[in-house]
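Down below is the structure, laid out as structure tokens.
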Amino acid sequence: MNKKGILKKIRNSREISLFIVLVILCLFIQSRNNTFFTGKTIADLFKNYATTITMALGMMSVLLIGGIDISVGATLGFAGMASSLFMRDGVYSSTFVMFLVSTVIGVLCGMIVGLIIAKAKVQPIIATLGMSNIYRGATYIISDGAWVSAYQFQSGFKSFAQSNFLTGGLLNNLVFIALVLYIIFFFVMKWTTFGRRIYAVGSNPEAAEVSGINISGVKFWVYTMAGAIAGLTGAMYTSLYASAMNDMGTGMEMDAIASCVLGGVSLSGGQGSVIGVFLGAVTMSVICKALPLIGISQFWKQAIKGAIILIAIIINVLVQRGMNRNALKAREI
Amino acid sequence: MEDTVKREISAKRDKSFKSIFFRWETLLVLMFVAVNIMNICISKNYLNGNNLFTAICTFIPKGLIAFPMAYLLVLGEIDLSVGSTVALSATTMAVLFNRGVPLETCVALCLIVATACGMLNGLILISFPELFPMIVTLGTQTLYRGIAEMILEDESAGKLHLVQWFYDIYYKKLGPIPICFIVFCVMAVIFGLVLHKTVFGRQLYAAGSNREAARYSGVPVKRNRFICYTLVGLVSGISALFYASWMGSIRSDIAAGYELEAVSMVVLGGISTAGGTGNFPGTVIAIFTIGLLKYGLGLINVNSQTILMIIGAILILVVMAPNIKNMIKARMAVKAQKAEQ
């Protein structure tokens with residue numbers, strides 16, 4: 001009886017089953033290439049994909065209210081490029097200020113998206129499709145089509161992504177930022193009014209409205225939050241590659257969406273957890289990192305990502321159907 | 001008794017000047033005229049027949065996709081994978097041709113691959129009605145583009161212009177009129193007639209305005225959705241043929257952003273993304289408006305990124321406009337009520 005209970009728990013918990021998949025995946029990769037489970041590979045993995053892992057958080061909150069934001073990739077590019085240009089022109093030299101400026105620009109970008117969706121009632125997909133083109137175009141315009149290269153950055157900024165002084169030598173700086181954000185989100189989503197409101201709006205907007213939640217307010221702040229995180233990742237991205245390119249972040253919204261759906265976030269809103277998204281994002285990163293290790297051409301990456309998204313959303317639906325059926329059975333209907 | 005006599009028929013068409021002027025189609029035609037005046041001011045040779053047809057042919061591959069996209073938006077759905085479908089089918093065709101397969105077979109395969117792409121979208125969506133079209137087609141967008149990348153990696157497949165009849169698909173003219181323009185017009189008429197004059201077309205409107213009600217009154221919603229997605233795939237294949245014949249060589253990153261432009265054209269044409277409204281002639285005018293606007297901006301050396309920005313802004317503004325109008329109206333009504341009190 002007890003054993004059955006555990007099995008059932010595993011089957012019903014998205015996080016545990018995803019964790020098992022992740023472990024099997026890692027073991028498989030290790031069996032093909034034994035350099036995978038080395039400290040350096042793992043550290044590199046988290047460092048290089050800290051941006052994607054962070055961005056998945058913003059996407060999660062948007063998906064939770066039943067929306068979608070495909071402009072975050074362009075916001076990342078715009079915020080990263082704008083803040084890099086300021087640093088190149090000597091407006092500031094501190095790494096902290098650079099991260100702050102990038103985040104603020106992201107907030108503004110997110111606010112515009114939020115206003116269009118929450119106040120002008122434009123469908124999220126249309127609004128963010130349009131805004132993504134506008135931000136990407138704006139990136140090319142402010143930079144005149146040129147890159148900001150490594151020698152134009154302050155050396156403190158360039159070394160930020162490679163060092164670990166924030167935790168006193170324990171964790172890479174970017175990984176530390178991602179981790180802190182995940183902890184904050186975990187608490188916000190679980191134990192604050194704002195977090196619970198997000199779930200309420202996502203699972204039943206009418207009920208939420210009737211119970212006195214300002215839906216358009218919640219929507220506005222969620223898109224602003226997604227923009228803020230995209231802006232922050234813009235700074236992380238530029239410091240990681242020590243250069244700002246015009247097309248950076250293209251397609252990263254798809255990685256974020258894939259991480260979320262793998263992590264069990266329902267696209268109709270109201271379902272999903274921070275831990276699930278973390279596991280989903282790590283799984284995505286492991287897959288992307290492992291492809292070259294087990295000898296698969298990098299040109300396959302996009303097709304594999306697309307297939308993963310499709311399979312994940314279909315599995316989500318099948319799991320949901322099974323759960324509904326079980327619930328009916330349990331009530332003997 | 002008095003009441004029944006004086007009853008008004010609410011469905012009567014409002015024919016006052018104000019309502020005709022503020023109808024979407026009128027505004028659209030004004031926009032179309034404005035774009036043309038702008039182009040005439042930019043270039044004196046704009047109205048020269050040859051130039052005009054060259055200008056029109058540049059947006060025909062995109063414009064074609066807007067036709068079935070209009071069907072989907074009437075249904076209240078969307079397909080974001082069209083650009084990738086064009087890339088995948090064109091890639092398949094070009095690569096097979098370079099490996100020595102006869103071009104006729106390649107062309108047939110191009111259409112088959114594109115139709116299959118559309119069918120896969122439709123199949124997933126009708127098997128899992130819980131899923132939203134935008135997320136499924138966003139996934140297949142990545143998948144199809146990824147398969148094109150797998151096939152072609154970062155190379156390009158060319159030499160398509162070596163075959164004369166394939167070159168002619170885009171460049172041949174009947175008298176002064178290019179063949180691709182004739183194809184475009186014929187397809188526009190067929191798509192318009194089917195949408196407005198057949199049972200199938202009316203069913204799309206019914207399903208778009210209230211899917212459940214339509215299903216209960218016997219409209220085969222599932223079948224119609226599947227047909228629409230397949231149509232989008234097929235027309236993307238035709239668009240890929242025109243594109244390949246135009247450019248002569250194919251890369252895996254071609255046709256990126258076609259979905260944005262096709263959706264913009266349809267939405268500007270007055271078909272709301274919520275489904276069930278709008279008409280086909282509006283879409284056709286909008287195709288010309290956006291296409292010629294892009295052409296004109298290109299003439300004065302506005303770079304392609306800025307043009308994309310402008311199209312993105314048009315898309316959002318067009319969708320926003322009626323909502324903001326309603327918001328202001330509602331505020332005015334509240335104010336008027338307060339004034340009365």
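Chain lettering (A, B, ...) mirrors the order of the structure tokens, residue numbering begins at 1 for each chain separately, and ligand numbering begins at 1 in order of display.
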
Report as a compact mmCIF listing (two decimals) with all heavy atoms, in the first residue's frame the set of chain A residues whose atoms approach chain B to within 9 Å, with distances computed over only C-alpha atoms.
# COMPACT_ATOMS: atom_id res chain seq x y z
N ILE A 68 1.26 35.16 -23.32
CA ILE A 68 2.52 34.71 -23.89
C ILE A 68 3.30 35.96 -24.24
O ILE A 68 2.71 37.00 -24.52
CB ILE A 68 2.30 33.81 -25.13
CG1 ILE A 68 3.57 33.05 -25.47
CG2 ILE A 68 1.84 34.62 -26.32
CD1 ILE A 68 3.36 31.90 -26.41
N ILE A 116 -0.11 47.83 -23.67
CA ILE A 116 -0.83 47.45 -24.89
C ILE A 116 -1.76 46.27 -24.61
O ILE A 116 -2.88 46.22 -25.09
CB ILE A 116 0.17 47.10 -26.01
CG1 ILE A 116 0.95 48.34 -26.40
CG2 ILE A 116 -0.54 46.54 -27.22
CD1 ILE A 116 2.05 48.07 -27.37
N LYS A 119 -4.27 47.39 -21.03
CA LYS A 119 -5.17 48.53 -21.16
C LYS A 119 -5.87 48.56 -22.51
O LYS A 119 -7.07 48.79 -22.59
CB LYS A 119 -4.41 49.84 -20.95
CG LYS A 119 -3.72 49.94 -19.62
CD LYS A 119 -4.71 50.09 -18.47
CE LYS A 119 -3.97 50.03 -17.14
NZ LYS A 119 -4.83 49.69 -16.02
N ALA A 120 -5.11 48.32 -23.60
CA ALA A 120 -5.73 48.41 -24.93
C ALA A 120 -6.30 47.08 -25.37
O ALA A 120 -6.85 46.98 -26.46
CB ALA A 120 -4.72 48.91 -25.95
N LYS A 121 -6.17 46.04 -24.51
CA LYS A 121 -6.81 44.75 -24.74
C LYS A 121 -6.43 44.11 -26.08
O LYS A 121 -7.26 43.53 -26.76
CB LYS A 121 -8.34 44.88 -24.68
CG LYS A 121 -8.86 45.54 -23.42
CD LYS A 121 -9.17 44.52 -22.34
CE LYS A 121 -9.82 45.17 -21.14
NZ LYS A 121 -8.86 45.87 -20.26
N VAL A 122 -5.17 44.26 -26.46
CA VAL A 122 -4.69 43.58 -27.66
C VAL A 122 -4.28 42.17 -27.25
O VAL A 122 -3.74 41.97 -26.17
CB VAL A 122 -3.48 44.32 -28.26
CG1 VAL A 122 -2.92 43.58 -29.45
CG2 VAL A 122 -3.90 45.72 -28.67
N GLN A 123 -4.56 41.19 -28.14
CA GLN A 123 -4.16 39.81 -27.81
C GLN A 123 -2.65 39.74 -27.59
O GLN A 123 -1.89 40.31 -28.36
CB GLN A 123 -4.53 38.89 -28.96
CG GLN A 123 -5.98 38.52 -28.97
CD GLN A 123 -6.25 37.48 -30.03
OE1 GLN A 123 -5.43 37.26 -30.91
NE2 GLN A 123 -7.38 36.85 -29.96
N ILE A 125 -0.38 37.56 -28.22
CA ILE A 125 0.48 37.07 -29.30
C ILE A 125 0.70 38.16 -30.34
O ILE A 125 1.80 38.37 -30.83
CB ILE A 125 -0.10 35.78 -29.93
CG1 ILE A 125 0.86 35.17 -30.94
CG2 ILE A 125 -1.42 36.02 -30.60
CD1 ILE A 125 1.95 34.41 -30.31
N ILE A 126 -0.37 38.91 -30.67
CA ILE A 126 -0.25 39.97 -31.68
C ILE A 126 0.62 41.10 -31.13
O ILE A 126 1.54 41.58 -31.80
CB ILE A 126 -1.65 40.52 -32.02
CG1 ILE A 126 -2.53 39.43 -32.58
CG2 ILE A 126 -1.54 41.68 -32.99
CD1 ILE A 126 -2.30 39.10 -34.00
N ALA A 127 0.35 41.50 -29.88
CA ALA A 127 1.08 42.62 -29.30
C ALA A 127 2.57 42.31 -29.22
O ALA A 127 3.41 43.13 -29.60
CB ALA A 127 0.53 42.93 -27.91
N THR A 128 2.90 41.09 -28.73
CA THR A 128 4.33 40.82 -28.55
C THR A 128 5.02 40.50 -29.87
O THR A 128 6.20 40.77 -30.03
CB THR A 128 4.54 39.67 -27.55
OG1 THR A 128 3.79 38.54 -27.96
CG2 THR A 128 4.09 40.07 -26.17
N LEU A 129 4.26 39.96 -30.83
CA LEU A 129 4.84 39.75 -32.17
C LEU A 129 5.24 41.10 -32.77
O LEU A 129 6.34 41.27 -33.29
CB LEU A 129 3.81 39.05 -33.07
CG LEU A 129 4.27 38.45 -34.39
CD1 LEU A 129 5.26 37.36 -34.13
CD2 LEU A 129 3.09 37.90 -35.16
N GLY A 130 4.33 42.07 -32.66
CA GLY A 130 4.63 43.40 -33.19
C GLY A 130 5.75 44.06 -32.42
O GLY A 130 6.70 44.59 -33.01
N MET A 131 5.68 44.03 -31.08
CA MET A 131 6.68 44.72 -30.28
C MET A 131 8.05 44.08 -30.46
O MET A 131 9.07 44.76 -30.39
CB MET A 131 6.31 44.68 -28.79
CG MET A 131 5.17 45.60 -28.39
SD MET A 131 5.20 47.21 -29.16
CE MET A 131 6.54 47.99 -28.31
N SER A 132 8.08 42.76 -30.69
CA SER A 132 9.38 42.12 -30.85
C SER A 132 10.07 42.68 -32.10
O SER A 132 11.27 42.94 -32.09
CB SER A 132 9.17 40.61 -30.91
OG SER A 132 9.66 40.07 -32.08
N ASN A 133 9.29 42.94 -33.15
CA ASN A 133 9.89 43.55 -34.34
C ASN A 133 10.33 44.98 -34.08
O ASN A 133 11.34 45.44 -34.58
CB ASN A 133 8.91 43.52 -35.50
CG ASN A 133 8.97 42.21 -36.22
OD1 ASN A 133 9.80 42.02 -37.08
ND2 ASN A 133 8.14 41.28 -35.81
N ILE A 134 9.52 45.69 -33.28
CA ILE A 134 9.87 47.08 -33.01
C ILE A 134 11.15 47.16 -32.19
O ILE A 134 12.07 47.93 -32.50
CB ILE A 134 8.69 47.77 -32.30
CG1 ILE A 134 7.51 47.88 -33.26
CG2 ILE A 134 9.10 49.14 -31.78
CD1 ILE A 134 6.28 48.48 -32.68
N TYR A 135 11.25 46.34 -31.15
CA TYR A 135 12.47 46.38 -30.32
C TYR A 135 13.69 45.94 -31.11
O TYR A 135 14.78 46.49 -30.96
CB TYR A 135 12.30 45.50 -29.08
CG TYR A 135 11.27 46.02 -28.10
CD1 TYR A 135 10.53 45.16 -27.29
CD2 TYR A 135 11.05 47.38 -27.97
CE1 TYR A 135 9.59 45.64 -26.40
CE2 TYR A 135 10.11 47.87 -27.09
CZ TYR A 135 9.38 46.99 -26.30
OH TYR A 135 8.45 47.47 -25.42
N ARG A 136 13.52 44.91 -31.93
CA ARG A 136 14.66 44.44 -32.71
C ARG A 136 15.11 45.52 -33.69
O ARG A 136 16.30 45.78 -33.85
CB ARG A 136 14.28 43.15 -33.44
CG ARG A 136 15.40 42.48 -34.19
CD ARG A 136 16.50 41.99 -33.32
NE ARG A 136 16.10 40.89 -32.46
CZ ARG A 136 16.82 40.46 -31.43
NH1 ARG A 136 17.97 41.02 -31.14
NH2 ARG A 136 16.40 39.47 -30.68
N GLY A 137 14.13 46.17 -34.33
CA GLY A 137 14.47 47.26 -35.24
C GLY A 137 15.17 48.39 -34.50
O GLY A 137 16.16 48.95 -34.96
N ALA A 138 14.66 48.71 -33.31
CA ALA A 138 15.24 49.79 -32.51
C ALA A 138 16.69 49.45 -32.14
O ALA A 138 17.55 50.34 -32.11
CB ALA A 138 14.42 50.02 -31.24
N TYR A 140 18.85 47.77 -33.96
CA TYR A 140 19.69 48.07 -35.11
C TYR A 140 19.87 49.57 -35.28
O TYR A 140 20.93 50.06 -35.65
CB TYR A 140 19.09 47.47 -36.39
CG TYR A 140 19.41 46.02 -36.57
CD1 TYR A 140 18.59 45.03 -36.05
CD2 TYR A 140 20.55 45.62 -37.27
CE1 TYR A 140 18.88 43.69 -36.21
CE2 TYR A 140 20.85 44.28 -37.43
CZ TYR A 140 20.01 43.33 -36.91
OH TYR A 140 20.31 42.00 -37.07
N ILE A 141 18.80 50.33 -34.99
CA ILE A 141 18.87 51.77 -35.22
C ILE A 141 19.83 52.43 -34.23
O ILE A 141 20.71 53.21 -34.60
CB ILE A 141 17.47 52.39 -35.13
CG1 ILE A 141 16.66 51.96 -36.36
CG2 ILE A 141 17.55 53.90 -35.07
CD1 ILE A 141 15.23 52.36 -36.32
N GLY A 251 15.32 34.17 -30.81
CA GLY A 251 14.92 32.79 -30.57
C GLY A 251 14.98 32.38 -29.11
O GLY A 251 14.60 31.26 -28.78
N MET A 254 11.80 31.24 -27.50
CA MET A 254 11.39 29.85 -27.71
C MET A 254 12.02 28.94 -26.67
O MET A 254 11.39 28.01 -26.18
CB MET A 254 11.78 29.38 -29.11
CG MET A 254 11.04 30.04 -30.23
SD MET A 254 9.28 30.06 -29.99
CE MET A 254 8.91 28.33 -30.10
N ALA A 258 9.97 26.70 -24.13
CA ALA A 258 10.23 25.26 -24.06
C ALA A 258 10.54 24.84 -22.63
O ALA A 258 10.03 23.83 -22.15
CB ALA A 258 11.39 24.90 -24.99
N LEU A 267 -0.26 26.11 -20.66
CA LEU A 267 -0.34 27.31 -21.47
C LEU A 267 -1.68 28.01 -21.34
O LEU A 267 -1.84 29.13 -21.77
CB LEU A 267 -0.08 26.95 -22.93
CG LEU A 267 1.36 26.49 -23.16
CD1 LEU A 267 1.46 25.72 -24.43
CD2 LEU A 267 2.27 27.67 -23.15
N SER A 268 -2.66 27.33 -20.73
CA SER A 268 -3.92 28.02 -20.55
C SER A 268 -3.93 28.77 -19.22
O SER A 268 -4.92 29.38 -18.86
CB SER A 268 -5.08 27.03 -20.62
OG SER A 268 -4.77 25.89 -19.88
N SER A 297 25.37 17.29 -34.85
CA SER A 297 25.68 18.59 -35.43
C SER A 297 24.83 19.68 -34.78
O SER A 297 23.67 19.47 -34.43
CB SER A 297 25.41 18.56 -36.93
OG SER A 297 25.06 19.83 -37.38
N GLN A 298 25.42 20.86 -34.63
CA GLN A 298 24.67 21.96 -33.99
C GLN A 298 23.53 22.44 -34.88
O GLN A 298 22.64 23.14 -34.41
CB GLN A 298 25.62 23.11 -33.68
CG GLN A 298 26.38 23.62 -34.88
CD GLN A 298 26.60 25.10 -34.81
OE1 GLN A 298 25.84 25.81 -34.21
NE2 GLN A 298 27.68 25.56 -35.44
N PHE A 299 23.55 22.05 -36.16
CA PHE A 299 22.45 22.46 -37.02
C PHE A 299 21.16 21.71 -36.71
O PHE A 299 20.11 22.02 -37.22
CB PHE A 299 22.83 22.27 -38.49
CG PHE A 299 23.93 23.18 -38.93
CD1 PHE A 299 25.19 22.69 -39.19
CD2 PHE A 299 23.70 24.54 -39.04
CE1 PHE A 299 26.20 23.54 -39.58
CE2 PHE A 299 24.72 25.39 -39.43
CZ PHE A 299 25.98 24.89 -39.70
N TRP A 300 21.27 20.68 -35.89
CA TRP A 300 20.08 19.93 -35.50
C TRP A 300 19.38 20.55 -34.31
O TRP A 300 18.27 20.18 -33.97
CB TRP A 300 20.47 18.50 -35.13
CG TRP A 300 20.86 17.66 -36.30
CD1 TRP A 300 21.69 18.02 -37.33
CD2 TRP A 300 20.42 16.34 -36.59
NE1 TRP A 300 21.81 16.99 -38.21
CE2 TRP A 300 21.04 15.95 -37.79
CE3 TRP A 300 19.58 15.43 -35.94
CZ2 TRP A 300 20.84 14.70 -38.36
CZ3 TRP A 300 19.38 14.19 -36.50
CH2 TRP A 300 20.00 13.83 -37.71
N LYS A 301 20.08 21.50 -33.68
CA LYS A 301 19.60 22.03 -32.41
C LYS A 301 18.17 22.55 -32.50
O LYS A 301 17.32 22.22 -31.69
CB LYS A 301 20.54 23.16 -31.99
CG LYS A 301 20.67 23.33 -30.50
CD LYS A 301 21.42 24.62 -30.23
CE LYS A 301 22.67 24.42 -29.41
NZ LYS A 301 23.48 25.63 -29.35
N GLN A 302 17.92 23.38 -33.54
CA GLN A 302 16.62 24.03 -33.60
C GLN A 302 15.49 23.02 -33.81
O GLN A 302 14.44 23.12 -33.19
CB GLN A 302 16.61 25.08 -34.70
CG GLN A 302 15.60 26.15 -34.39
CD GLN A 302 15.61 27.26 -35.40
OE1 GLN A 302 16.33 27.23 -36.38
NE2 GLN A 302 14.78 28.25 -35.18
N ALA A 303 15.74 22.05 -34.70
CA ALA A 303 14.70 21.05 -34.95
C ALA A 303 14.41 20.28 -33.68
O ALA A 303 13.25 20.00 -33.36
CB ALA A 303 15.16 20.11 -36.06
N ILE A 304 15.48 19.95 -32.93
CA ILE A 304 15.28 19.19 -31.69
C ILE A 304 14.47 20.02 -30.69
O ILE A 304 13.55 19.53 -30.05
CB ILE A 304 16.64 18.76 -31.11
CG1 ILE A 304 17.25 17.70 -32.03
CG2 ILE A 304 16.49 18.22 -29.71
CD1 ILE A 304 18.63 17.28 -31.68
N LYS A 305 14.80 21.32 -30.61
CA LYS A 305 14.04 22.20 -29.71
C LYS A 305 12.56 22.22 -30.10
O LYS A 305 11.68 22.10 -29.24
CB LYS A 305 14.59 23.62 -29.80
CG LYS A 305 15.59 23.95 -28.73
CD LYS A 305 15.98 25.42 -28.88
CE LYS A 305 17.44 25.60 -28.56
NZ LYS A 305 17.94 26.89 -29.06
N GLY A 306 12.30 22.37 -31.39
CA GLY A 306 10.92 22.41 -31.84
C GLY A 306 10.19 21.13 -31.49
O GLY A 306 9.07 21.14 -30.99
N ALA A 307 10.88 19.99 -31.72
CA ALA A 307 10.26 18.70 -31.41
C ALA A 307 9.99 18.59 -29.91
O ALA A 307 8.93 18.12 -29.50
CB ALA A 307 11.17 17.57 -31.88
N ILE A 308 10.95 19.06 -29.10
CA ILE A 308 10.76 18.99 -27.65
C ILE A 308 9.53 19.80 -27.22
O ILE A 308 8.70 19.33 -26.44
CB ILE A 308 12.01 19.52 -26.91
CG1 ILE A 308 13.17 18.55 -27.08
CG2 ILE A 308 11.72 19.72 -25.42
CD1 ILE A 308 14.45 19.05 -26.50
N ILE A 309 9.40 21.02 -27.78
CA ILE A 309 8.25 21.85 -27.41
C ILE A 309 6.95 21.12 -27.73
O ILE A 309 6.05 21.00 -26.89
CB ILE A 309 8.29 23.20 -28.15
CG1 ILE A 309 9.50 24.00 -27.70
CG2 ILE A 309 7.01 23.99 -27.91
CD1 ILE A 309 9.63 25.32 -28.39
N LEU A 310 6.88 20.59 -28.97
CA LEU A 310 5.64 19.93 -29.39
C LEU A 310 5.34 18.73 -28.51
O LEU A 310 4.21 18.56 -28.01
CB LEU A 310 5.74 19.49 -30.85
CG LEU A 310 5.63 20.63 -31.85
CD1 LEU A 310 5.81 20.10 -33.26
CD2 LEU A 310 4.27 21.30 -31.73
N ILE A 313 4.23 19.82 -24.94
CA ILE A 313 2.86 20.32 -24.77
C ILE A 313 1.85 19.20 -24.96
O ILE A 313 0.82 19.16 -24.28
CB ILE A 313 2.53 21.52 -25.69
CG1 ILE A 313 2.82 21.23 -27.13
CG2 ILE A 313 3.23 22.77 -25.24
CD1 ILE A 313 2.44 22.36 -28.06
N ILE A 314 2.16 18.24 -25.84
CA ILE A 314 1.22 17.14 -26.04
C ILE A 314 1.19 16.26 -24.79
O ILE A 314 0.12 15.85 -24.33
CB ILE A 314 1.59 16.34 -27.30
CG1 ILE A 314 1.27 17.19 -28.53
CG2 ILE A 314 0.82 15.03 -27.37
CD1 ILE A 314 1.70 16.60 -29.83
N VAL A 317 -0.91 17.80 -22.17
CA VAL A 317 -2.34 17.61 -22.40
C VAL A 317 -2.77 16.21 -21.99
O VAL A 317 -3.79 16.02 -21.31
CB VAL A 317 -2.69 17.88 -23.88
CG1 VAL A 317 -4.08 17.38 -24.20
CG2 VAL A 317 -2.58 19.35 -24.17
N LEU A 318 -1.95 15.20 -22.39
CA LEU A 318 -2.32 13.82 -22.07
C LEU A 318 -2.35 13.61 -20.56
O LEU A 318 -3.26 12.96 -20.04
CB LEU A 318 -1.34 12.85 -22.73
CG LEU A 318 -1.42 12.80 -24.26
CD1 LEU A 318 -0.38 11.87 -24.84
CD2 LEU A 318 -2.82 12.37 -24.70

| said: So that I can see what lies close to Tyr167 of chain B, please list as a ChimeraX atom specification the residues with an atom at most 9 Å from it, counting only C-alpha atoms and leaving out residues fewer than 3 positions away in the same chain. | reply: /B:160-164,170-172,244-246,248

Any chance you could tabulate, as CSV, the residues of segment 241-270 of chain B at most 8 Å from segment 287-301 of chain B with each one's nearest atom pair and distance in Å to one decimal, using only C-alpha atoms, in chain and rising number order?
residue,atom,partner,partner_atom,distance
B:Met265,CA,B:Ile287,CA,5.3
B:Val266,CA,B:Ile287,CA,7.7
B:Gly269,CA,B:Ile287,CA,7.8

Please provide the set of residues having any atom within 7 Å of segment 68-76 of chain B, restricted to only C-alpha atoms, with same-chain residues fewer than 4 positions apart removed, written as a PDB file with N, CA and C atoms, in the first residue's frame.
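Below is the file part-v3.pdb, written as the result:
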ATOM      1  N   LEU B 204     -17.163  29.027 -41.839  1.00  0.00           N
ATOM      2  CA  LEU B 204     -15.984  29.575 -41.159  1.00  0.00           C
ATOM      3  C   LEU B 204     -16.403  30.738 -40.264  1.00  0.00           C
ATOM      4  N   TYR B 205     -17.267  31.622 -40.814  1.00  0.00           N
ATOM      5  CA  TYR B 205     -17.726  32.759 -40.009  1.00  0.00           C
ATOM      6  C   TYR B 205     -18.505  32.277 -38.783  1.00  0.00           C
ATOM      7  N   ALA B 207     -18.283  29.377 -37.217  1.00  0.00           N
ATOM      8  CA  ALA B 207     -17.395  28.781 -36.229  1.00  0.00           C
ATOM      9  C   ALA B 207     -16.527  29.842 -35.565  1.00  0.00           C
ATOM     10  N   GLY B 208     -16.206  30.896 -36.326  1.00  0.00           N
ATOM     11  CA  GLY B 208     -15.346  31.938 -35.767  1.00  0.00           C
ATOM     12  C   GLY B 208     -16.053  32.780 -34.734  1.00  0.00           C
ATOM     13  N   CYS B 228      -8.457  24.289 -43.342  1.00  0.00           N
ATOM     14  CA  CYS B 228      -7.840  25.611 -43.366  1.00  0.00           C
ATOM     15  C   CYS B 228      -6.323  25.514 -43.143  1.00  0.00           C
ATOM     16  N   LEU B 231      -4.736  24.169 -46.204  1.00  0.00           N
ATOM     17  CA  LEU B 231      -4.701  25.209 -47.240  1.00  0.00           C
ATOM     18  C   LEU B 231      -3.535  26.159 -47.006  1.00  0.00           C
ATOM     19  N   VAL B 232      -3.338  26.554 -45.742  1.00  0.00           N
ATOM     20  CA  VAL B 232      -2.217  27.448 -45.439  1.00  0.00           C
ATOM     21  C   VAL B 232      -0.914  26.790 -45.875  1.00  0.00           C
ATOM     22  N   ALA B 262       2.044  38.475 -43.075  1.00  0.00           N
ATOM     23  CA  ALA B 262       0.764  37.925 -43.512  1.00  0.00           C
ATOM     24  C   ALA B 262      -0.331  38.274 -42.505  1.00  0.00           C
ATOM     25  N   VAL B 263      -0.020  38.114 -41.204  1.00  0.00           N
ATOM     26  CA  VAL B 263      -1.017  38.442 -40.188  1.00  0.00           C
ATOM     27  C   VAL B 263      -1.332  39.939 -40.224  1.00  0.00           C
ATOM     28  N   VAL B 266      -3.709  40.739 -43.071  1.00  0.00           N
ATOM     29  CA  VAL B 266      -5.089  40.311 -42.834  1.00  0.00           C
ATOM     30  C   VAL B 266      -5.764  41.211 -41.786  1.00  0.00           C
ATOM     31  N   ILE B 271     -10.022  41.986 -40.667  1.00  0.00           N
ATOM     32  CA  ILE B 271     -10.449  40.728 -40.060  1.00  0.00           C
ATOM     33  C   ILE B 271      -9.847  40.681 -38.667  1.00  0.00           C
ATOM     34  N   SER B 272     -10.708  40.667 -37.666  1.00  0.00           N
ATOM     35  CA  SER B 272     -10.197  40.739 -36.301  1.00  0.00           C
ATOM     36  C   SER B 272      -9.594  39.408 -35.886  1.00  0.00           C
ATOM     37  N   THR B 273      -8.602  39.454 -34.994  1.00  0.00           N
ATOM     38  CA  THR B 273      -7.962  38.216 -34.554  1.00  0.00           C
ATOM     39  C   THR B 273      -8.896  37.384 -33.677  1.00  0.00           C
ATOM     40  N   ALA B 274      -9.999  38.010 -33.215  1.00  0.00           N
ATOM     41  CA  ALA B 274     -10.932  37.267 -32.375  1.00  0.00           C
ATOM     42  C   ALA B 274     -11.823  36.359 -33.204  1.00  0.00           C
ATOM     43  N   GLY B 275     -11.841  36.567 -34.526  1.00  0.00           N
ATOM     44  CA  GLY B 275     -12.584  35.671 -35.395  1.00  0.00           C
ATOM     45  C   GLY B 275     -13.994  36.140 -35.697  1.00  0.00           C
ATOM     46  N   GLY B 276     -14.525  35.653 -36.819  1.00  0.00           N
ATOM     47  CA  GLY B 276     -15.922  35.883 -37.131  1.00  0.00           C
ATOM     48  C   GLY B 276     -16.269  37.192 -37.812  1.00  0.00           C
ATOM     49  N   THR B 277     -15.297  38.067 -38.007  1.00  0.00           N
ATOM     50  CA  THR B 277     -15.624  39.350 -38.640  1.00  0.00           C
ATOM     51  C   THR B 277     -14.723  39.601 -39.839  1.00  0.00           C
TER      52      THR B 277
END

| message | Could you go through segment 212-281 of chain A and tell me which residues DSSP, when run on the backbone, assigns to helix (DSSP H, G or I), listing them as a PyMOL selection string? | response | chain A and resi 215-241+252-262+274-281

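The shortest atom-to-atom distance to Asp79 of chain B, with only C-alpha atoms taken into account, belongs to B:Met119 out of B:Met119, B:Ala94, B:Cys110, B:Met187.
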
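Interatomic distance, atom CA of Ser211 of chain A to atom CA of Thr192 of chain A: 16.9 Å.
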
| field | Residue neighbourhood Met87 of chain A, 12 Å, only C-alpha atoms, exclusion window fewer than 3 positions, as a ChimeraX atom specification | value | /A:80-84,90-99,101-102,148-158,235,238-239,243-244

| request: Can you pull out every residue within 9 Å of Ser239 of chain B, counting only C-alpha atoms, but drop anything in the same chain fewer than 6 positions away, and send it as a ChimeraX atom specification? | output: /B:60-65,86

| said: Neighbouring residues of Val319 of chain A were defined as those with any atom within 12 Å, considering only C-alpha atoms; residues of the same chain fewer than 5 positions away were excluded. Please report them as a PyMOL selection string. | reply: chain A and resi 11-14+17+264+266+312-314+324-326

| Using only C-alpha atoms, which residues sit within 10 Å of Thr283 of chain A once same-chain residues fewer than 3 positions away are excluded, as a PyMOL selection string? | chain A and resi 18-19+21-23+25-26+53+258-259+262-263+277-280+286-289

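The shortest atom-to-atom distance to Phe176 of chain A, with only C-alpha atoms taken into account, belongs to A:Ala50 out of A:Ile20, A:Ala50, A:Ile112, A:Met284.
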